[in-house]
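Visitor: Here you go, this is input14.cif (mmCIF, C-alpha atoms).
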```
data_input
loop_
_atom_site.label_atom_id
_atom_site.label_comp_id
_atom_site.auth_asym_id
_atom_site.auth_seq_id
_atom_site.Cartn_x
_atom_site.Cartn_y
_atom_site.Cartn_z
CA MET A 1 160.13 75.97 58.23
CA ALA A 2 162.22 78.51 56.32
CA GLY A 3 162.98 80.35 59.56
CA ALA A 4 164.07 77.11 61.21
CA ALA A 5 166.36 76.32 58.30
CA ALA A 6 167.90 79.80 58.45
CA ARG A 7 168.56 79.45 62.20
CA ALA A 8 170.03 75.98 61.70
CA PHE A 9 172.78 77.29 59.46
CA ALA A 10 173.35 80.70 61.06
CA GLN A 11 176.87 81.05 62.42
CA ASP A 12 175.95 83.34 65.30
CA ALA A 13 172.66 81.80 66.46
CA LEU A 14 172.13 79.15 69.09
CA TYR A 15 169.36 76.83 67.90
CA PRO A 16 169.25 73.76 70.12
CA VAL A 17 168.31 70.43 68.57
CA ARG A 18 165.35 70.20 71.00
CA LEU A 19 163.87 73.45 69.64
CA ALA A 20 164.32 72.30 66.06
CA ALA A 21 162.53 69.06 66.95
CA LYS A 22 159.74 71.06 68.59
CA ASP A 23 159.31 73.27 65.50
CA ILE A 24 159.14 70.21 63.28
CA ALA A 25 156.63 68.53 65.60
CA LEU A 26 154.41 71.60 65.37
CA ALA A 27 154.61 71.59 61.57
CA THR A 28 153.70 67.92 61.32
CA THR A 29 150.58 68.27 63.50
CA THR A 30 148.76 70.15 60.75
CA ALA A 31 149.84 68.14 57.71
CA ASP A 32 151.19 64.74 56.75
CA LEU A 33 154.82 65.56 56.02
CA PRO A 34 156.76 62.27 55.85
CA VAL A 35 160.18 63.87 55.34
CA LEU A 36 159.76 66.13 58.36
CA THR A 37 158.40 63.22 60.38
CA ARG A 38 161.63 61.35 59.63
CA VAL A 39 163.77 64.39 60.44
CA HIS A 40 161.96 64.68 63.78
CA ALA A 41 162.66 61.01 64.50
CA LEU A 42 166.36 61.54 63.75
CA LEU A 43 166.59 64.66 65.91
CA THR A 44 164.97 62.95 68.88
CA ALA A 45 166.76 59.61 68.55
CA HIS A 46 169.77 60.83 70.52
CA PRO A 47 168.62 62.67 73.67
CA GLY A 48 172.22 63.60 74.49
CA LEU A 49 172.19 66.01 71.54
CA ALA A 50 169.06 67.90 72.69
CA ASP A 51 170.92 70.93 74.04
CA ARG A 52 173.61 71.07 71.36
CA ASP A 53 173.45 73.69 68.63
CA LEU A 54 171.85 72.23 65.51
CA SER A 55 174.36 73.97 63.24
CA ALA A 56 177.23 72.35 65.13
CA VAL A 57 175.57 68.95 64.88
CA LEU A 58 174.93 69.30 61.15
CA THR A 59 178.31 70.69 60.20
CA GLY A 60 180.48 69.11 62.87
#
```
Turn this file's structure into structure tokens for me.
Guide:
Amino acid sequence: MAGAAARAFAQDALYPVRLAAKDIALATTTADLPVLTRVHALLTAHPGLADRDLSAVLTG
């Protein structure tokens, strides 16, 4: 998840919300991670944001 966090806040990287949600879904398949489960729910709650850059969503 450290790589995902680094991409999320990188100024020059495009990290779509849908890819962040996918990475989190993969992480939560191997362990019970309630915080990441909630983050995944938040990221997927608004399908219109799926192709937006996560950094822009978080800081915008």
Visitor: For a quick check of understanding, using only C-alpha atoms, which of A:Ala5, A:Ala10, A:Ala56, A:Ala21 has the smallest distance to A:Ala41?
Guide: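 So, comparing all the options, the nearest one is A:Ala21.
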Visitor: Neighbouring residues of A:Leu54 were defined as those with any atom within 10 Å, considering only C-alpha atoms; residues of the same chain fewer than 6 positions away were excluded. Please report them as a PDB file with C-alpha atoms, in the frame of the given file.
Guide:
```pdb
ATOM      1  CA  ALA A   5     166.360  76.320  58.300  1.00  0.00           C
ATOM      2  CA  ARG A   7     168.560  79.450  62.200  1.00  0.00           C
ATOM      3  CA  ALA A   8     170.030  75.980  61.700  1.00  0.00           C
ATOM      4  CA  PHE A   9     172.780  77.290  59.460  1.00  0.00           C
ATOM      5  CA  ALA A  10     173.350  80.700  61.060  1.00  0.00           C
ATOM      6  CA  ALA A  13     172.660  81.800  66.460  1.00  0.00           C
ATOM      7  CA  LEU A  14     172.130  79.150  69.090  1.00  0.00           C
ATOM      8  CA  TYR A  15     169.360  76.830  67.900  1.00  0.00           C
ATOM      9  CA  PRO A  16     169.250  73.760  70.120  1.00  0.00           C
ATOM     10  CA  VAL A  17     168.310  70.430  68.570  1.00  0.00           C
ATOM     11  CA  ARG A  18     165.350  70.200  71.000  1.00  0.00           C
ATOM     12  CA  LEU A  19     163.870  73.450  69.640  1.00  0.00           C
ATOM     13  CA  ALA A  20     164.320  72.300  66.060  1.00  0.00           C
ATOM     14  CA  ALA A  21     162.530  69.060  66.950  1.00  0.00           C
ATOM     15  CA  LEU A  43     166.590  64.660  65.910  1.00  0.00           C
ATOM     16  CA  GLY A  60     180.480  69.110  62.870  1.00  0.00           C
TER      17      GLY A  60
END
```
Visitor: Distance atom CA of A:Leu36-atom CA of A:Asp12, one decimal place?
Guide: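 So the answer is 24.6 Å.
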Visitor: Can you tell me how far atom CA of A:Ser55 sits from atom CA of A:Val39, in Å to one decimal?
Guide: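 We find that atom CA of A:Ser55 and atom CA of A:Val39 lie 14.6 Å from each other.
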Visitor: Just the number, please: distance in Å from atom CA of A:Gly48 to atom CA of A:Ala31, one decimal.
Guide: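 Atom CA of A:Ala31 lies 28.3 Å from atom CA of A:Gly48.
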Visitor: Return the single residue from A:Asp51, A:Val57, A:His46, A:His40 that is closest to A:Lys22, with distances computed using only C-alpha atoms.
Guide: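 Ranked by minimum distance to A:Lys22, first place goes to A:His40.
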Visitor: Here is a test: counting all atoms listed in the file, which residue of A:Thr44, A:Thr59, A:Gln11, A:Thr37 is nearest to A:Ile24?
Guide: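 Of A:Thr44, A:Thr59, A:Gln11, A:Thr37, the one nearest A:Ile24 is A:Thr37, counting all atoms listed in the file.
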Visitor: Please fill the gaps in stretch 21-32 of chain A so it has all heavy atoms, and write that as a PDB file, keeping the file's coordinate frame.
Guide:
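Saved the output as part27.pdb:
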```pdb
ATOM      1  N   ALA A  21     163.469  70.187  66.898  1.00  0.00           N
ATOM      2  CA  ALA A  21     162.530  69.060  66.950  1.00  0.00           C
ATOM      3  C   ALA A  21     161.129  69.546  67.302  1.00  0.00           C
ATOM      4  O   ALA A  21     160.139  69.071  66.733  1.00  0.00           O
ATOM      5  CB  ALA A  21     163.016  68.018  67.941  1.00  0.00           C
ATOM      6  N   LYS A  22     161.040  70.506  68.209  1.00  0.00           N
ATOM      7  CA  LYS A  22     159.740  71.060  68.590  1.00  0.00           C
ATOM      8  C   LYS A  22     159.081  71.762  67.406  1.00  0.00           C
ATOM      9  O   LYS A  22     157.888  71.582  67.146  1.00  0.00           O
ATOM     10  CB  LYS A  22     159.908  72.029  69.756  1.00  0.00           C
ATOM     11  CG  LYS A  22     158.635  72.703  70.182  1.00  0.00           C
ATOM     12  CD  LYS A  22     158.900  73.733  71.260  1.00  0.00           C
ATOM     13  CE  LYS A  22     157.699  74.626  71.447  1.00  0.00           C
ATOM     14  NZ  LYS A  22     158.008  75.835  72.166  1.00  0.00           N
ATOM     15  N   ASP A  23     159.851  72.573  66.672  1.00  0.00           N
ATOM     16  CA  ASP A  23     159.310  73.270  65.500  1.00  0.00           C
ATOM     17  C   ASP A  23     158.809  72.282  64.463  1.00  0.00           C
ATOM     18  O   ASP A  23     157.751  72.480  63.857  1.00  0.00           O
ATOM     19  CB  ASP A  23     160.371  74.178  64.881  1.00  0.00           C
ATOM     20  CG  ASP A  23     160.656  75.417  65.717  1.00  0.00           C
ATOM     21  OD1 ASP A  23     159.876  75.711  66.651  1.00  0.00           O
ATOM     22  OD2 ASP A  23     161.677  76.083  65.440  1.00  0.00           O
ATOM     23  N   ILE A  24     159.557  71.218  64.257  1.00  0.00           N
ATOM     24  CA  ILE A  24     159.140  70.210  63.280  1.00  0.00           C
ATOM     25  C   ILE A  24     157.888  69.485  63.771  1.00  0.00           C
ATOM     26  O   ILE A  24     156.967  69.231  62.987  1.00  0.00           O
ATOM     27  CB  ILE A  24     160.286  69.219  63.003  1.00  0.00           C
ATOM     28  CG1 ILE A  24     161.399  69.949  62.252  1.00  0.00           C
ATOM     29  CG2 ILE A  24     159.794  68.015  62.213  1.00  0.00           C
ATOM     30  CD1 ILE A  24     162.668  69.165  62.109  1.00  0.00           C
ATOM     31  N   ALA A  25     157.818  69.185  65.050  1.00  0.00           N
ATOM     32  CA  ALA A  25     156.630  68.530  65.600  1.00  0.00           C
ATOM     33  C   ALA A  25     155.397  69.405  65.392  1.00  0.00           C
ATOM     34  O   ALA A  25     154.321  68.892  65.038  1.00  0.00           O
ATOM     35  CB  ALA A  25     156.832  68.221  67.073  1.00  0.00           C
ATOM     36  N   LEU A  26     155.537  70.695  65.590  1.00  0.00           N
ATOM     37  CA  LEU A  26     154.410  71.600  65.370  1.00  0.00           C
ATOM     38  C   LEU A  26     153.971  71.602  63.901  1.00  0.00           C
ATOM     39  O   LEU A  26     152.779  71.614  63.601  1.00  0.00           O
ATOM     40  CB  LEU A  26     154.774  73.020  65.810  1.00  0.00           C
ATOM     41  CG  LEU A  26     154.926  73.224  67.314  1.00  0.00           C
ATOM     42  CD1 LEU A  26     155.487  74.615  67.598  1.00  0.00           C
ATOM     43  CD2 LEU A  26     153.604  73.020  68.024  1.00  0.00           C
ATOM     44  N   ALA A  27     154.931  71.589  62.999  1.00  0.00           N
ATOM     45  CA  ALA A  27     154.610  71.590  61.570  1.00  0.00           C
ATOM     46  C   ALA A  27     153.907  70.307  61.149  1.00  0.00           C
ATOM     47  O   ALA A  27     153.016  70.332  60.296  1.00  0.00           O
ATOM     48  CB  ALA A  27     155.882  71.783  60.745  1.00  0.00           C
ATOM     49  N   THR A  28     154.274  69.196  61.738  1.00  0.00           N
ATOM     50  CA  THR A  28     153.700  67.920  61.320  1.00  0.00           C
ATOM     51  C   THR A  28     152.351  67.630  61.986  1.00  0.00           C
ATOM     52  O   THR A  28     151.716  66.643  61.639  1.00  0.00           O
ATOM     53  CB  THR A  28     154.672  66.752  61.580  1.00  0.00           C
ATOM     54  OG1 THR A  28     155.004  66.719  62.963  1.00  0.00           O
ATOM     55  CG2 THR A  28     155.927  66.887  60.744  1.00  0.00           C
ATOM     56  N   THR A  29     151.909  68.480  62.905  1.00  0.00           N
ATOM     57  CA  THR A  29     150.580  68.270  63.500  1.00  0.00           C
ATOM     58  C   THR A  29     149.475  68.741  62.579  1.00  0.00           C
ATOM     59  O   THR A  29     148.340  68.310  62.722  1.00  0.00           O
ATOM     60  CB  THR A  29     150.441  68.994  64.863  1.00  0.00           C
ATOM     61  OG1 THR A  29     150.617  70.387  64.669  1.00  0.00           O
ATOM     62  CG2 THR A  29     151.417  68.458  65.878  1.00  0.00           C
ATOM     63  N   THR A  30     149.795  69.609  61.633  1.00  0.00           N
ATOM     64  CA  THR A  30     148.760  70.150  60.750  1.00  0.00           C
ATOM     65  C   THR A  30     148.757  69.527  59.357  1.00  0.00           C
ATOM     66  O   THR A  30     147.836  69.774  58.593  1.00  0.00           O
ATOM     67  CB  THR A  30     148.925  71.675  60.606  1.00  0.00           C
ATOM     68  OG1 THR A  30     150.225  71.950  60.087  1.00  0.00           O
ATOM     69  CG2 THR A  30     148.748  72.367  61.944  1.00  0.00           C
ATOM     70  N   ALA A  31     149.771  68.755  59.036  1.00  0.00           N
ATOM     71  CA  ALA A  31     149.840  68.140  57.710  1.00  0.00           C
ATOM     72  C   ALA A  31     150.686  66.874  57.768  1.00  0.00           C
ATOM     73  O   ALA A  31     151.563  66.739  58.623  1.00  0.00           O
ATOM     74  CB  ALA A  31     150.454  69.120  56.702  1.00  0.00           C
ATOM     75  N   ASP A  32     150.407  65.963  56.852  1.00  0.00           N
ATOM     76  CA  ASP A  32     151.190  64.740  56.750  1.00  0.00           C
ATOM     77  C   ASP A  32     152.450  65.060  55.937  1.00  0.00           C
ATOM     78  O   ASP A  32     152.390  65.234  54.719  1.00  0.00           O
ATOM     79  CB  ASP A  32     150.373  63.645  56.064  1.00  0.00           C
ATOM     80  CG  ASP A  32     151.131  62.338  55.968  1.00  0.00           C
ATOM     81  OD1 ASP A  32     152.017  62.100  56.810  1.00  0.00           O
ATOM     82  OD2 ASP A  32     150.827  61.552  55.048  1.00  0.00           O
TER      83      ASP A  32
END
```
